[in-house]
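K.L.:
So that you have it, the file is target15.cif, and it contains mmCIF, C-alpha atoms:
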data_run
#
loop_
_atom_site.label_atom_id
_atom_site.label_comp_id
_atom_site.auth_asym_id
_atom_site.auth_seq_id
_atom_site.Cartn_x
_atom_site.Cartn_y
_atom_site.Cartn_z
CA MET A 22 42.39 -78.32 76.80
CA ARG A 23 42.12 -79.03 80.52
CA ARG A 24 39.56 -76.25 80.94
CA LEU A 25 37.48 -77.78 78.20
CA THR A 26 37.60 -81.18 79.89
CA LEU A 27 36.49 -79.75 83.24
CA LEU A 28 33.71 -77.79 81.58
CA SER A 29 32.56 -80.89 79.74
CA LEU A 30 32.47 -82.85 83.00
CA MET A 31 30.43 -80.10 84.66
CA LEU A 32 27.95 -80.11 81.78
CA LEU A 33 27.71 -83.89 81.80
CA THR A 34 27.11 -84.15 85.56
CA PRO A 35 24.63 -81.39 86.49
CA THR A 36 23.25 -83.45 89.37
CA LEU A 37 26.63 -83.20 91.11
CA MET A 38 26.44 -79.43 90.82
CA ALA A 39 22.86 -79.06 92.03
CA ARG A 40 22.19 -81.82 94.53
CA GLN A 41 18.80 -81.54 96.19
CA PRO A 42 19.15 -81.23 99.96
CA ASN A 43 18.34 -84.03 102.35
CA VAL A 44 15.62 -83.24 104.91
CA ILE A 45 15.40 -84.44 108.50
CA ILE A 46 12.45 -83.44 110.68
CA ILE A 47 13.14 -84.00 114.38
CA PHE A 48 9.83 -84.04 116.24
CA THR A 49 9.92 -84.18 120.02
CA ASP A 50 6.86 -85.10 122.06
CA ASP A 51 5.33 -83.07 124.94
CA GLN A 52 8.32 -80.71 125.17
CA GLY A 53 7.46 -77.54 127.06
CA SER A 54 7.35 -74.10 125.45
CA ILE A 55 10.62 -72.89 127.00
CA ASP A 56 12.40 -76.21 127.63
CA MET A 57 15.67 -75.49 125.85
CA ASN A 58 18.50 -73.31 127.09
CA VAL A 59 18.05 -70.92 124.18
CA TYR A 60 14.38 -70.52 125.14
CA GLY A 61 15.24 -69.61 128.71
CA ALA A 62 15.40 -72.90 130.64
CA ALA A 63 18.30 -72.32 133.03
CA ASP A 64 17.91 -75.63 134.87
CA LEU A 65 18.25 -77.93 131.83
CA ALA A 66 21.13 -79.15 129.68
CA THR A 67 20.16 -79.14 125.99
CA PRO A 68 23.45 -78.47 124.12
CA HIS A 69 22.57 -80.38 120.96
CA MET A 70 19.12 -78.86 120.48
CA ASP A 71 20.72 -75.47 121.14
CA SER A 72 23.43 -76.20 118.55
CA LEU A 73 20.72 -76.38 115.89
CA ALA A 74 19.60 -72.89 116.90
CA ARG A 75 23.17 -71.58 116.72
CA ARG A 76 23.48 -73.07 113.22
CA GLY A 77 20.07 -71.91 112.08
CA VAL A 78 16.96 -69.82 112.67
CA ARG A 79 14.98 -70.07 115.91
CA PHE A 80 11.31 -69.03 116.18
CA THR A 81 9.85 -67.42 119.29
CA GLN A 82 6.20 -67.41 118.18
CA PHE A 83 5.93 -70.85 116.66
CA TYR A 84 2.66 -72.75 117.09
CA ALA A 85 1.71 -76.40 116.93
CA ALA A 86 -1.17 -77.25 114.62
CA ALA A 87 -2.97 -78.67 117.68
CA PRO A 88 -2.36 -79.08 121.43
CA VAL A 89 -2.43 -82.88 121.27
CA CYS A 90 -0.36 -85.54 119.51
CA SER A 91 -2.17 -86.98 116.46
CA PRO A 92 -3.73 -83.74 115.19
CA SER A 93 -0.44 -81.89 115.50
CA ARG A 94 1.20 -84.55 113.33
CA VAL A 95 -1.53 -84.14 110.72
CA GLY A 96 -0.52 -80.47 110.48
CA LEU A 97 3.10 -81.41 109.94
CA MET A 98 2.44 -84.22 107.45
CA THR A 99 -0.23 -82.51 105.34
CA GLY A 100 0.36 -78.77 105.76
CA ARG A 101 -3.29 -78.53 106.77
CA THR A 102 -5.06 -77.83 110.01
CA PRO A 103 -5.98 -81.23 111.51
CA GLN A 104 -9.69 -80.89 110.73
CA HIS A 105 -8.85 -79.92 107.16
CA GLY A 106 -6.56 -82.97 107.09
CA GLY A 107 -9.41 -85.24 108.18
CA LEU A 108 -8.53 -85.82 111.84
CA SER A 109 -9.84 -84.02 114.91
CA GLY A 110 -8.43 -85.97 117.86
CA ASN A 111 -5.93 -88.58 118.95
CA VAL A 112 -5.97 -91.89 117.08
CA GLY A 113 -6.95 -94.64 119.50
CA LEU A 114 -6.35 -98.36 119.17
CA ASN A 115 -9.56 -98.89 117.19
CA ALA A 116 -9.64 -95.58 115.30
CA VAL A 117 -9.31 -95.28 111.52
CA GLY A 118 -6.57 -92.62 111.53
CA MET A 119 -5.67 -89.90 109.07
CA PRO A 120 -7.41 -90.55 105.73
CA SER A 121 -5.05 -92.12 103.23
CA ALA A 122 -6.31 -89.69 100.57
CA GLN A 123 -4.39 -86.88 102.31
CA VAL A 124 -1.18 -85.94 100.50
CA THR A 125 1.77 -86.03 102.88
CA ILE A 126 5.12 -84.26 102.62
CA ALA A 127 6.66 -87.74 102.35
CA GLU A 128 4.57 -88.43 99.24
CA GLU A 129 5.62 -85.11 97.71
CA LEU A 130 9.31 -85.84 98.31
CA LYS A 131 9.07 -89.48 97.23
CA LYS A 132 7.50 -88.36 93.96
CA ALA A 133 10.49 -86.07 93.48
CA GLY A 134 12.92 -88.98 93.84
CA TYR A 135 13.69 -88.84 97.55
CA ALA A 136 14.24 -91.94 99.65
CA THR A 137 11.83 -91.54 102.58
CA ALA A 138 11.87 -92.94 106.11
CA HIS A 139 9.70 -92.69 109.20
CA ILE A 140 11.59 -93.54 112.38
CA GLY A 141 9.90 -93.35 115.79
CA LYS A 142 6.34 -92.48 116.74
CA TRP A 143 3.53 -92.46 114.16
CA HIS A 144 0.10 -92.18 115.88
CA LEU A 145 -1.78 -91.55 112.63
CA GLY A 146 -3.30 -94.95 111.94
CA HIS A 147 -2.81 -98.70 112.06
CA SER A 148 -4.34 -100.03 108.84
CA GLU A 149 -2.35 -100.97 105.75
CA GLN A 150 -3.39 -97.71 104.11
CA THR A 151 -2.72 -95.44 107.10
CA ILE A 152 0.61 -96.75 108.43
CA PRO A 153 3.72 -94.85 107.25
CA ASN A 154 4.36 -97.21 104.33
CA GLY A 155 0.89 -96.33 103.04
CA GLN A 156 1.52 -92.60 103.40
CA GLY A 157 4.65 -92.04 101.34
CA PHE A 158 7.41 -93.66 103.39
CA ASP A 159 9.68 -96.25 101.75
CA HIS A 160 10.92 -97.37 105.14
CA SER A 161 9.27 -97.29 108.56
CA PHE A 162 10.45 -98.33 112.00
CA GLY A 163 8.74 -97.49 115.26
CA HIS A 164 5.46 -97.58 117.12
CA LEU A 165 2.01 -96.83 115.76
CA VAL A 166 0.17 -95.64 118.88
CA GLY A 167 0.64 -92.73 121.26
CA CYS A 168 3.55 -93.87 123.42
CA ILE A 169 5.46 -96.97 124.46
CA ASP A 170 7.71 -98.10 127.27
CA ASN A 171 11.18 -97.45 125.91
CA TYR A 172 12.54 -100.87 126.91
CA SER A 173 9.66 -103.33 126.54
CA HIS A 174 8.04 -101.38 123.66
CA PHE A 175 4.59 -102.04 125.08
CA PHE A 176 1.68 -99.60 124.92
CA TYR A 177 0.05 -99.76 128.31
CA TRP A 178 -2.86 -97.33 128.55
CA SER A 179 -5.48 -100.04 128.81
CA GLY A 180 -5.42 -103.83 129.07
CA PRO A 181 -4.48 -106.09 127.64
CA HIS A 182 -1.09 -104.42 127.24
CA LYS A 183 -0.01 -104.33 123.60
CA HIS A 184 3.45 -104.77 122.12
CA ASP A 185 3.91 -102.00 119.54
CA LEU A 186 7.12 -102.07 117.52
CA TRP A 187 7.06 -102.45 113.74
CA ARG A 188 9.33 -102.38 110.73
CA ASN A 189 7.59 -101.89 107.40
CA GLY A 190 4.33 -103.34 108.65
CA GLU A 191 5.89 -106.38 110.31
CA GLU A 192 6.03 -106.71 114.09
CA VAL A 193 9.61 -106.87 115.42
CA PHE A 194 10.99 -107.53 118.88
CA HIS A 195 13.95 -105.80 120.55
CA ASN A 196 13.14 -106.53 124.17
CA GLY A 197 15.27 -104.59 126.65
CA GLU A 198 16.87 -102.31 124.05
CA PHE A 199 16.37 -98.57 124.60
CA PHE A 200 14.05 -97.21 121.92
CA GLN A 201 16.13 -94.10 121.16
CA ASP A 202 19.19 -96.32 120.55
CA LEU A 203 17.13 -98.39 118.14
CA MET A 204 15.99 -95.21 116.37
CA LEU A 205 19.59 -94.03 115.99
CA LYS A 206 20.70 -97.36 114.55
CA GLU A 207 17.82 -97.35 112.06
CA ALA A 208 18.44 -93.73 111.02
CA GLY A 209 22.18 -94.29 110.66
CA GLU A 210 21.71 -97.30 108.42
CA PHE A 211 19.17 -95.47 106.28
CA MET A 212 21.43 -92.42 105.86
CA GLY A 213 24.41 -94.59 105.02
CA LYS A 214 22.46 -96.57 102.45
CA ASN A 215 21.10 -93.42 100.80
CA ARG A 216 24.01 -91.00 101.23
CA ASP A 217 24.46 -90.57 97.46
CA LYS A 218 20.90 -89.45 96.76
CA PRO A 219 18.50 -87.12 98.54
CA PHE A 220 16.63 -88.55 101.49
CA PHE A 221 13.90 -87.48 103.90
CA ILE A 222 13.75 -88.75 107.48
CA TYR A 223 10.87 -88.05 109.85
CA PHE A 224 12.61 -88.68 113.19
CA ALA A 225 9.69 -88.65 115.62
CA LEU A 226 10.86 -89.14 119.20
CA ASN A 227 8.71 -90.72 121.91
CA ALA A 228 10.16 -88.18 124.34
CA PRO A 229 9.99 -86.36 126.67
CA HIS A 230 6.49 -87.86 126.58
CA TYR A 231 5.85 -90.18 129.51
CA PRO A 232 6.98 -92.68 130.66
CA TYR A 233 9.91 -90.57 131.88
CA GLN A 234 12.89 -92.90 131.36
CA GLY A 235 16.03 -90.82 131.50
CA SER A 236 19.47 -92.40 131.63
CA PRO A 237 21.06 -93.10 135.02
CA GLN A 238 23.67 -90.41 134.34
CA TRP A 239 21.06 -87.70 133.79
CA LEU A 240 18.90 -88.87 136.68
CA GLU A 241 21.95 -88.42 138.89
CA HIS A 242 22.73 -85.03 137.31
CA TYR A 243 19.26 -83.72 138.15
CA ARG A 244 18.91 -85.36 141.56
CA ASP A 245 18.52 -81.98 143.30
CA LEU A 246 15.79 -80.66 141.02
CA PRO A 247 12.27 -80.76 142.50
CA TYR A 248 10.02 -83.68 141.58
CA PRO A 249 8.71 -84.16 138.89
CA ARG A 250 10.95 -81.66 137.07
CA ASN A 251 13.90 -83.92 137.84
CA LEU A 252 12.38 -86.90 136.00
CA TYR A 253 11.29 -84.82 133.01
CA ALA A 254 14.67 -83.06 132.82
CA ALA A 255 16.58 -86.34 132.84
CA PHE A 256 14.49 -87.70 129.99
CA LEU A 257 14.78 -84.47 128.00
CA SER A 258 18.57 -84.40 128.33
CA THR A 259 18.71 -88.09 127.39
CA THR A 260 16.72 -87.11 124.31
CA ASP A 261 19.15 -84.26 123.64
CA ASP A 262 21.97 -86.82 123.65
CA CYS A 263 20.05 -88.82 121.03
CA ILE A 264 19.66 -85.74 118.85
CA GLY A 265 23.38 -85.03 119.25
CA ALA A 266 24.23 -88.58 118.12
CA LEU A 267 21.97 -88.21 115.07
CA LEU A 268 23.65 -84.93 114.09
CA GLN A 269 27.07 -86.51 114.63
CA LYS A 270 26.17 -89.38 112.31
CA LEU A 271 25.17 -86.84 109.69
CA ASP A 272 28.51 -85.12 110.14
CA ASP A 273 30.45 -88.40 110.00
CA LEU A 274 28.84 -89.11 106.63
CA GLY A 275 29.86 -85.66 105.37
CA LEU A 276 26.22 -84.67 104.88
CA THR A 277 25.77 -81.77 107.31
CA GLU A 278 25.93 -79.05 104.66
CA ASP A 279 23.69 -81.10 102.36
CA THR A 280 20.92 -81.50 104.94
CA ILE A 281 18.05 -79.30 106.11
CA VAL A 282 17.21 -80.07 109.73
CA VAL A 283 13.84 -78.99 111.12
CA PHE A 284 13.20 -79.27 114.84
CA GLN A 285 10.01 -78.74 116.82
CA SER A 286 7.92 -80.12 119.66
CA ASP A 287 4.49 -81.47 118.77
CA HIS A 288 2.80 -79.26 121.42
CA GLY A 289 3.21 -78.09 125.01
CA ALA A 290 4.17 -80.11 128.06
CA SER A 291 1.84 -82.63 129.72
CA LYS A 292 0.33 -82.40 133.18
CA GLU A 293 -1.29 -85.82 132.95
CA VAL A 294 -1.19 -88.31 135.82
CA ARG A 295 1.14 -90.56 133.81
CA ALA A 296 3.48 -87.57 133.47
CA HIS A 297 3.62 -87.31 137.27
CA GLY A 298 1.38 -84.26 137.01
CA GLY A 299 3.94 -82.21 135.11
CA GLY A 300 7.66 -81.63 134.80
CA GLY A 301 7.74 -79.59 131.61
CA SER A 302 7.48 -75.81 131.61
CA ALA A 303 5.52 -73.25 129.62
CA GLY A 304 7.43 -70.41 131.30
CA PRO A 305 5.33 -67.23 131.27
CA HIS A 306 2.61 -68.84 129.18
CA ARG A 307 -0.73 -70.10 130.42
CA GLY A 308 -1.91 -73.68 129.88
CA ALA A 309 -0.37 -76.99 128.83
CA LYS A 310 -1.03 -79.95 126.53
CA PHE A 311 -4.73 -80.18 125.48
CA SER A 312 -5.17 -76.41 125.97
CA LEU A 313 -5.60 -73.73 123.31
CA TYR A 314 -3.81 -71.25 125.54
CA GLU A 315 -0.20 -70.45 124.66
CA GLY A 316 1.26 -73.15 126.92
CA GLY A 317 -0.52 -75.80 124.87
CA LEU A 318 0.35 -74.40 121.46
CA ARG A 319 3.52 -72.31 121.59
CA ILE A 320 6.57 -74.52 121.13
CA PRO A 321 10.31 -74.49 120.44
CA ALA A 322 11.12 -74.66 116.72
CA VAL A 323 14.29 -74.31 114.64
CA ILE A 324 15.41 -74.76 111.04
CA SER A 325 19.06 -75.25 110.14
CA TRP A 326 20.94 -75.71 106.88
CA PRO A 327 24.56 -74.62 107.36
CA GLY A 328 25.96 -72.59 104.53
CA HIS A 329 22.54 -72.01 102.97
CA LEU A 330 20.29 -70.38 105.58
CA PRO A 331 20.97 -67.65 108.14
CA GLU A 332 22.74 -68.87 111.28
CA ASN A 333 22.31 -67.93 114.93
CA GLN A 334 19.25 -65.85 114.06
CA THR A 335 15.95 -65.37 115.90
CA ARG A 336 12.60 -64.67 114.29
CA HIS A 337 9.66 -63.25 116.22
CA GLN A 338 7.00 -63.53 113.51
CA MET A 339 4.18 -66.02 113.99
CA ALA A 340 4.66 -69.39 112.26
CA THR A 341 3.03 -72.82 112.54
CA GLY A 342 3.70 -76.53 112.18
CA CYS A 343 1.69 -76.49 108.94
CA ASP A 344 4.28 -74.17 107.41
CA TRP A 345 7.12 -76.69 107.13
CA TYR A 346 5.38 -78.46 104.23
CA PRO A 347 5.52 -75.55 101.75
CA THR A 348 8.84 -74.33 103.17
CA ILE A 349 10.51 -77.68 102.51
CA LEU A 350 9.08 -77.86 98.99
CA GLU A 351 10.50 -74.41 98.24
CA LEU A 352 13.91 -75.19 99.73
CA CYS A 353 14.07 -78.41 97.71
CA LYS A 354 13.17 -76.44 94.58
CA LEU A 355 9.97 -78.41 94.06
CA ALA A 356 6.66 -77.12 92.78
CA PRO A 357 4.21 -75.85 95.42
CA ALA A 358 1.46 -78.22 96.49
CA ALA A 359 -1.13 -78.60 93.74
CA HIS A 360 -3.95 -78.86 96.28
CA ARG A 361 -5.12 -76.45 98.95
CA ILE A 362 -3.05 -76.40 102.15
CA ASP A 363 -3.09 -74.03 105.13
CA GLY A 364 0.66 -73.72 105.59
CA LYS A 365 2.65 -70.84 104.12
CA SER A 366 6.30 -70.90 103.13
CA LEU A 367 8.50 -69.46 105.87
CA MET A 368 11.26 -68.48 103.44
CA PRO A 369 10.50 -64.72 103.52
CA ILE A 370 10.68 -64.82 107.33
CA ILE A 371 13.77 -67.03 107.39
CA LYS A 372 15.55 -64.58 105.08
CA SER A 373 14.47 -61.42 106.92
CA ALA A 374 13.61 -60.54 110.50
CA HIS A 375 11.46 -57.74 109.09
CA ALA A 376 9.24 -59.77 106.76
CA PRO A 377 5.56 -59.89 107.80
CA THR A 378 4.00 -63.14 108.93
CA ALA A 379 2.37 -65.02 106.08
CA HIS A 380 -0.80 -65.65 108.11
CA GLU A 381 -3.45 -62.97 108.32
CA TYR A 382 -5.40 -65.41 110.51
CA PHE A 383 -4.69 -68.87 111.88
CA ASN A 384 -7.33 -71.17 113.35
CA TRP A 385 -7.32 -74.01 115.87
CA LYS A 386 -9.99 -76.41 117.12
CA SER A 387 -9.69 -78.87 119.97
CA GLY A 388 -12.84 -80.64 121.06
CA LYS A 389 -15.47 -77.90 121.31
CA ALA A 390 -12.94 -75.14 121.94
CA LEU A 391 -11.53 -72.92 119.21
CA ALA A 392 -8.95 -70.18 118.87
CA VAL A 393 -8.04 -67.58 116.25
CA ARG A 394 -4.82 -65.59 115.99
CA GLU A 395 -4.60 -62.30 114.10
CA GLY A 396 -1.60 -60.05 114.60
CA LYS A 397 -1.31 -59.26 118.28
CA TRP A 398 -4.79 -60.59 119.02
CA LYS A 399 -5.83 -64.06 120.07
CA LEU A 400 -9.42 -65.16 120.52
CA VAL A 401 -10.20 -68.24 122.62
CA VAL A 402 -13.75 -69.62 122.82
CA THR A 403 -14.58 -72.43 125.24
CA GLY A 404 -18.26 -73.23 125.70
CA LYS A 405 -20.08 -69.97 126.38
CA LYS A 406 -16.91 -68.15 127.43
CA THR A 407 -15.21 -65.80 124.96
CA GLU A 408 -11.73 -64.51 125.71
CA LEU A 409 -9.59 -61.98 123.85
CA TYR A 410 -5.92 -61.38 124.60
CA ASP A 411 -3.31 -58.85 123.50
CA LEU A 412 -0.45 -61.36 123.42
CA PRO A 413 2.61 -59.08 123.21
CA ASN A 414 1.42 -57.31 126.35
CA ASP A 415 -0.10 -60.33 128.08
CA LEU A 416 1.93 -63.51 127.53
CA GLY A 417 0.10 -65.21 130.40
CA GLU A 418 -3.34 -64.57 128.86
CA ALA A 419 -4.48 -63.16 132.18
CA ARG A 420 -6.49 -60.11 131.12
CA ASN A 421 -9.60 -60.84 129.05
CA LEU A 422 -10.23 -57.85 126.76
CA ALA A 423 -13.33 -59.23 125.02
CA GLY A 424 -15.58 -56.67 126.70
CA GLU A 425 -13.31 -53.76 125.77
CA TYR A 426 -12.86 -54.65 122.11
CA PRO A 427 -16.14 -56.17 120.87
CA GLU A 428 -15.31 -55.21 117.28
CA VAL A 429 -12.13 -57.33 117.40
CA VAL A 430 -14.10 -60.25 118.85
CA THR A 431 -16.62 -59.94 116.01
CA ARG A 432 -13.91 -59.74 113.34
CA LEU A 433 -12.00 -62.78 114.62
CA THR A 434 -15.20 -64.75 115.19
CA GLN A 435 -16.30 -64.11 111.62
CA ALA A 436 -12.86 -64.99 110.27
CA GLY A 437 -12.93 -68.28 112.16
CA GLN A 438 -16.44 -69.11 111.00
CA ALA A 439 -15.48 -68.39 107.38
CA TYR A 440 -12.44 -70.64 107.61
CA TRP A 441 -14.24 -73.62 109.15
CA ARG A 442 -17.07 -73.21 106.66
CA SER A 443 -14.57 -73.34 103.78
CA VAL A 444 -12.97 -76.50 105.19
CA THR A 445 -16.36 -78.18 105.53
CA GLU A 446 -17.51 -77.16 102.07
CA LYS A 447 -14.38 -78.22 100.17
CA ARG A 448 -11.43 -80.14 101.49
#
Output the structure of this file as structure tokens.
P.N.:
Amino acid sequence: MRRLTLLSLMLLTPTLMARQPNVIIIFTDDQGSIDMNVYGAADLATPHMDSLARRGVRFTQFYAAAPVCSPSRVGLMTGRTPQHGGLSGNVGLNAVGMPSAQVTIAEELKKAGYATAHIGKWHLGHSEQTIPNGQGFDHSFGHLVGCIDNYSHFFYWSGPHKHDLWRNGEEVFHNGEFFQDLMLKEAGEFMGKNRDKPFFIYFALNAPHYPYQGSPQWLEHYRDLPYPRNLYAAFLSTTDDCIGALLQKLDDLGLTEDTIVVFQSDHGASKEVRAHGGGGSAGPHRGAKFSLYEGGLRIPAVISWPGHLPENQTRHQMATGCDWYPTILELCKLAPAAHRIDGKSLMPIIKSAHAPTAHEYFNWKSGKALAVREGKWKLVVTGKKTELYDLPNDLGEARNLAGEYPEVVTRLTQAGQAYWRSVTEKR
């Protein structure tokens, strides 16, 4: 009789037996290609980022959708290259932003019954239709432009300086409170409120993007590192502490094994004046933020779901920021996107180190420059200069092989032209 009762309960409560996973995307800002211990940075302390890699799958050839902030986020949110997603460059104070007609991953998950939250940086629009609440997020807390001071929450690129901290479209003031602490509080409250149903959190950090504002403890820890690496390192390790606190909150709520965590940087490290001319590292790779060379595009990336996905594994296949969209839909057992996207599900790669990459070609545009990746080859075209690199044998993109392999240049050029033509003809 007892067996019958238990069976009846199981049949009556299928949702308890097949809970959809929560999803958290942790998006860092301007983090260098190798700036985690597991990626080779011996002078940094990143234990919490590294813990995600130990509990999941780490990618060594993972590419941002663009080498600059707003377009990269379009790739993440829409699963499309930025131009296909309706945005080519950074969203300025007076810019329209990503078109509201684009279908975001938040909208897909919200439609499936998920509670959705944006916490942190947005940088995809300021109007009622283009802020997070207009793009599929039930809850939003953070700043709308490219960066803020972490204590005053002012955007300061050009005068007059602008206060930029919002909750669900309403300006809020937390003067003197560290922005990452505010993000943690907001995320913790959202997770606690929604712990009994699936939720999605886009946790978009304003770090290690300038201004470098590491904690006093980490500034002291790195006091012997050369400038400006010391300032960048302190802010990155402060950010690692924030990520650790977020993961601990998840654990405290008993949700670790119910939650997919995706981690990536939005693109390579900055060498801008406001970033003290550098601090982040691309390691053996050429270039930095704004560049279509590897240092601008190749980034740290991890996916973790303990008990469900492989753990402490490395994958060397090419993957991109556009690929999280279809991967998350598949992991959440939702239907694939009904419209055309550029991302491909990473599940075959996640399951097997021997699976082929899903991308025959992948295309980037930034300003007037473009790049195409196919297998080992990468084509970079800037102005009248055409460059071809054999990446496995030339990580630093130092030897231009365009003159030696004209047929490869032609093939990649034609593939790129066909893709951009298709995007222009039909979005």
K.L.:
Have a look at atom CA of A:Gln269 and atom CA of A:Gln285 and let me know their distance in Å, one decimal.
P.N.:
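According to the coordinates, atom CA of A:Gln269 and atom CA of A:Gln285 are separated by 18.9 Å.
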K.L.:
Fewer than 2 positions away in the same chain doesn't count, so skip those; otherwise give me all residues within 6 Å of stretch 66-83 of chain A, counting all atoms listed in the file, as a PyMOL selection string.
P.N.:
chain A and resi 57+258+261+265+319-320+322-325+331-337+339-341
K.L.:
I'd like the neighbourhood of A:Lys389 as a PDB file with C-alpha atoms, in the frame of the given file, where a residue qualifies if any of its atoms comes within 10 Å (using all atoms listed in the file), though same-chain residues fewer than 4 positions away should be ignored.
P.N.:
ATOM      1  CA  VAL A 402     -13.750 -69.620 122.820  1.00  0.00           C
ATOM      2  CA  THR A 403     -14.580 -72.430 125.240  1.00  0.00           C
ATOM      3  CA  GLY A 404     -18.260 -73.230 125.700  1.00  0.00           C
TER       4      GLY A 404
END
K.L.:
What is the atom CA of A:Pro427-atom CA of A:His380 distance in Å, reported with one decimal?
P.N.:
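Here the two named atoms are 22.1 Å from each other.
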K.L.:
Give me the residues near A:Thr280 as a list in words, where near means some atom within 8 Å (using all atoms listed in the file) and where sequence neighbours in that chain fewer than 3 positions away do not count.
P.N.:
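The neighbour list is Pro42, Asn43, Val44, Ile45, Leu276, Thr277 and Trp326 of chain A.
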K.L.:
Evaluated on this file, the PyMOL selection byres ((chain A and resi 53) around 7) picks out some residues - which ones are they, written as a ChimeraX atom specification?
P.N.:
/A:51-52,54-56,289-290,301-303,320
K.L.:
If the PyMOL selection byres ((chain A and resi 98-113) around 7) were run on this exact file, what residues would it hold? Put them as an mmCIF file with C-alpha atoms, in the frame of the given file.
P.N.:
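Dumped everything to part.cif:
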data_model
loop_
_atom_site.group_PDB
_atom_site.id
_atom_site.type_symbol
_atom_site.label_atom_id
_atom_site.label_comp_id
_atom_site.auth_asym_id
_atom_site.auth_seq_id
_atom_site.Cartn_x
_atom_site.Cartn_y
_atom_site.Cartn_z
ATOM 1 C CA ALA A 86 -1.170 -77.250 114.620
ATOM 2 C CA CYS A 90 -0.360 -85.540 119.510
ATOM 3 C CA SER A 91 -2.170 -86.980 116.460
ATOM 4 C CA PRO A 92 -3.730 -83.740 115.190
ATOM 5 C CA SER A 93 -0.440 -81.890 115.500
ATOM 6 C CA ARG A 94 1.200 -84.550 113.330
ATOM 7 C CA VAL A 95 -1.530 -84.140 110.720
ATOM 8 C CA GLY A 96 -0.520 -80.470 110.480
ATOM 9 C CA LEU A 97 3.100 -81.410 109.940
ATOM 10 C CA LEU A 114 -6.350 -98.360 119.170
ATOM 11 C CA ASN A 115 -9.560 -98.890 117.190
ATOM 12 C CA ALA A 116 -9.640 -95.580 115.300
ATOM 13 C CA GLY A 118 -6.570 -92.620 111.530
ATOM 14 C CA MET A 119 -5.670 -89.900 109.070
ATOM 15 C CA PRO A 120 -7.410 -90.550 105.730
ATOM 16 C CA GLN A 123 -4.390 -86.880 102.310
ATOM 17 C CA VAL A 124 -1.180 -85.940 100.500
ATOM 18 C CA THR A 125 1.770 -86.030 102.880
ATOM 19 C CA ILE A 126 5.120 -84.260 102.620
ATOM 20 C CA HIS A 144 0.100 -92.180 115.880
ATOM 21 C CA LEU A 145 -1.780 -91.550 112.630
ATOM 22 C CA GLY A 146 -3.300 -94.950 111.940
ATOM 23 C CA CYS A 343 1.690 -76.490 108.940
ATOM 24 C CA ASP A 344 4.280 -74.170 107.410
ATOM 25 C CA TYR A 346 5.380 -78.460 104.230
ATOM 26 C CA ILE A 362 -3.050 -76.400 102.150
ATOM 27 C CA ASP A 363 -3.090 -74.030 105.130
ATOM 28 C CA GLY A 364 0.660 -73.720 105.590
ATOM 29 C CA VAL A 444 -12.970 -76.500 105.190
ATOM 30 C CA ARG A 448 -11.430 -80.140 101.490
#
K.L.:
At what distance in Å, to one decimal, does atom CA of A:Ser291 lie from atom CA of A:Gly317?
P.N.:
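Between atom CA of A:Gly317 and atom CA of A:Ser291 the gap works out to 8.7 Å.
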K.L.:
The residues within 9 Å of (15.9, -86.9, 120.0), using all atoms listed in the file and the coordinates of the file, should be reported as a ChimeraX atom specification; which are they?
P.N.:
/A:47-49,70,201,205,224-229,257,259-267
K.L.:
Given the file above and the PyMOL selection byres ((chain A and resi 152) around 12), which residues are selected, and can you give them as a PyMOL selection string?
P.N.:
chain A and resi 112+117-121+139+142-151+153-166+187-191
K.L.:
Looking at all atoms listed in the file, which of A:Ser179, A:Ala356, A:Tyr314, A:Val89 is the one that sits closest to A:Gly388?
P.N.:
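For A:Gly388, the nearest of the given residues is A:Val89.
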K.L.:
From the list A:Ser173, A:Leu252, A:Phe221, A:Glu241, which residue is nearest A:Ala127 when using all atoms listed in the file?
P.N.:
A:Phe221
K.L.:
Rank A:Ile169, A:Ala439, A:Met204, A:Cys353 by their smallest atom-to-atom distance to A:Tyr382, using all atoms listed in the file, and report the top residue only.
P.N.:
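Using all atoms listed in the file, the shortest distance to A:Tyr382 belongs to A:Ala439.
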K.L.:
Could you check which residues have any atom within 12 Å of (26.9, -91.2, 110.5), counting all atoms listed in the file with coordinates taken straight from the file, and then list them as a list in words?
P.N.:
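Those within range, by chain then number, are Leu205, Lys206, Glu207, Ala208, Gly209, Glu210, Phe211, Met212, Gly213, Lys214, Asn215, Arg216, Gly265, Ala266, Leu267, Leu268, Gln269, Lys270, Leu271, Asp272, Asp273, Leu274, Gly275, Leu276 and Thr277 of chain A.
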K.L.:
Of the candidates A:Pro249, A:Gly437, A:Pro327, A:Pro369, which one gets nearest to A:Lys399 if we count all atoms listed in the file?
P.N.:
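Comparing A:Pro249, A:Gly437, A:Pro327, A:Pro369 against A:Lys399, the winner is A:Gly437.
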